[in-house]
Amino acid sequence: MKNGKVIFFDTTLRDGEQCPGASMNLRQKLEVARQLEKLGVDVIEAGFPVASEGDFESVSTIARTVKKCRVAGLARCTEQDIRKAAAAVAPAGDRARIHVFLATSPLHREFKLKMSKEEVLARAVEGVKLAKSLVEDVEFSAEDASRTELDFLAQVVEAVIDAGATTVNLPDTVGFTTPGEYAAMIAYMREHVRNIEKCILSVHCHNDIGLAVANSLAAVQAGARQVEGTINGIGERAGNVAIEEVAMALTTRPEALGFAKGENPHNLNTREIVRTSRVVSRMSGMMVQRSKAIVGENAFAHSSGIHQHGILAKRETYEVINPADVGWGATELPLTKHSGRAAVKARLERLGHTLSNDELTHVFERFKKVGDSKKFVYDDDLASLVNDSLDTRNGVWKMHQIQFVAGSAACPTATVTLEKEGKKFTDSAIGNGPVNACFKAIDRITRSKGSLVDFNVHATSCGQDALGEVSVKVQFCEHERPVSGKGAATDIIEASARAYLNALNRHLTLSSIKA
């Protein structure tokens, strides 16, 4: 079992989406799934089908859309969950996987499940057997495995393999363990589980104390052959292990991690990493910190004169990874307002966006308007426009027009016109600045009240006419998580209003799904 490549199980669309403010609609999830397929992940966990009709539809649509990756649906060890997951992943055919889970640690047994060891063992076996009767590929996860007694964990692992599990996942659910402990746990399973060679051992690490990558690599060294994680490391609390970081550690140091010299330890197309990172960031609304390893804007930036001299003399002096190997490189020639629909479509496809004719028409209209106000439309400008345009088009409320007055001697005032179901609604508001005035005008029209939690703005490209992209997190209900929104325009005030409206539309969509 130790031999063979590392399988990458991507849970960006399930565990990653549970990150506060990172919810995605169906179109956004499809964009991410298509890009994950280009990246070459082995398994896409597309969602938790029983959670809502929206989740079920997302899993089912992704199972129908992707053609190479396995598609997994998450389920608790209950008949309702498992049958719902089976129905959702059915369009994937022989690439369908049901991922069942049950907590095994003393804490979870006593306080969450209120079940004995014997009851947990019986429930796990029962769940795996039912899933196995519906699909061939079954994964079992022992939730909170890293805080479970090793002898009991081994007993559970052996029993679920006998019941038909082909992959067994031992998660560090709360980011509690250390590399040495985690490697020892994997080694214990390999030594004490009679039928361990009949399954692939998997690991799923969280980053609560910053050890997710180290723990995952230690587990691989000990014999695990599936790593579960997310792009950009998004996820609940401090996030999941970042797939791109584990992948490049394996690519850069294969011999140190137990692979033969010259051996390719995984199936990922690493040149798609940066593109995938950007697609996930835009679709989820979660910005990538500049200093993030591999995909952050500063990952390959060298400001020190000594470093710069070394890089110029020999790249390897200060870079252990060639930036081109993960997708960093020169941007293609920018488009202009004279570029045609076919050129825009071709560039969008290269950026990882597959649009319907109607969606392309809408994006092309925004492209032309932006092209009138700036000389060049760069790739990053175009990618921002896609998310902004389609979210606006598909939202409950649509931006029609915005006007504002501001200045050191003027009272900041905004007049906003929104459209809903073909009808236009206009209102004005005064704020402590033009952005605040726009938000208040939107609140008046939509009869909502949002509280701004976070606000970020950056230029998507270079030059004084750069497209501004605004990211916001807004809380619309006191006891609900904030939702994120993004907006793009050459005017920062307009971009801010679009971002706020995007967040409001996400809130309304999520509220309707829950209802």
# chains A, B, ... in the order shown; residues from 1 in each chain; ligands from 1
$ closest_atom_pairs --of "stretch 193-216 of chain A" --to "stretch 152-171 of chain A" --cutoff "8 Å" --atoms "only C-alpha atoms" --output "CSV"
residue,atom,partner,partner_atom,distance
A:Val193,CA,A:Glu158,CA,5.6
A:Arg194,CA,A:Glu158,CA,6.7
A:Asn195,CA,A:Glu158,CA,6.3
A:Ile196,CA,A:Glu158,CA,7.1
A:Lys198,CA,A:Thr166,CA,6.9
A:Cys199,CA,A:Thr166,CA,4.7
A:Ile200,CA,A:Thr167,CA,4.7
A:Leu201,CA,A:Val168,CA,5.2
A:Ser202,CA,A:Asn169,CA,4.3
A:Val203,CA,A:Leu170,CA,5.3
A:His204,CA,A:Pro171,CA,4.4
A:Cys205,CA,A:Pro171,CA,6.0
$ closest_residue --among "A:Arg95, A:Ala222, A:Arg347, A:Asp358" --to "A:Ala184" --atoms "only C-alpha atoms"
A:Ala222
$ atom_distance --atom1 "atom CA of A:Ala499" --atom2 "atom CA of A:Lys473"
9.0 Å
$ residues_around --residues "A:Ala343" --least-positions-apart "4" --cutoff "12 Å" --atoms "only C-alpha atoms" --output "VMD selection string"
chain A and resid 333 to 339 347 to 350 360 364 367 382
$ select_by_dssp --residues "stretch 168-378 of chain A" --states "alpha helix (DSSP H)" --output "PyMOL selection string"
chain A and resi 179-192+212-222+243-252+273-284+305-313+341-350+357-373
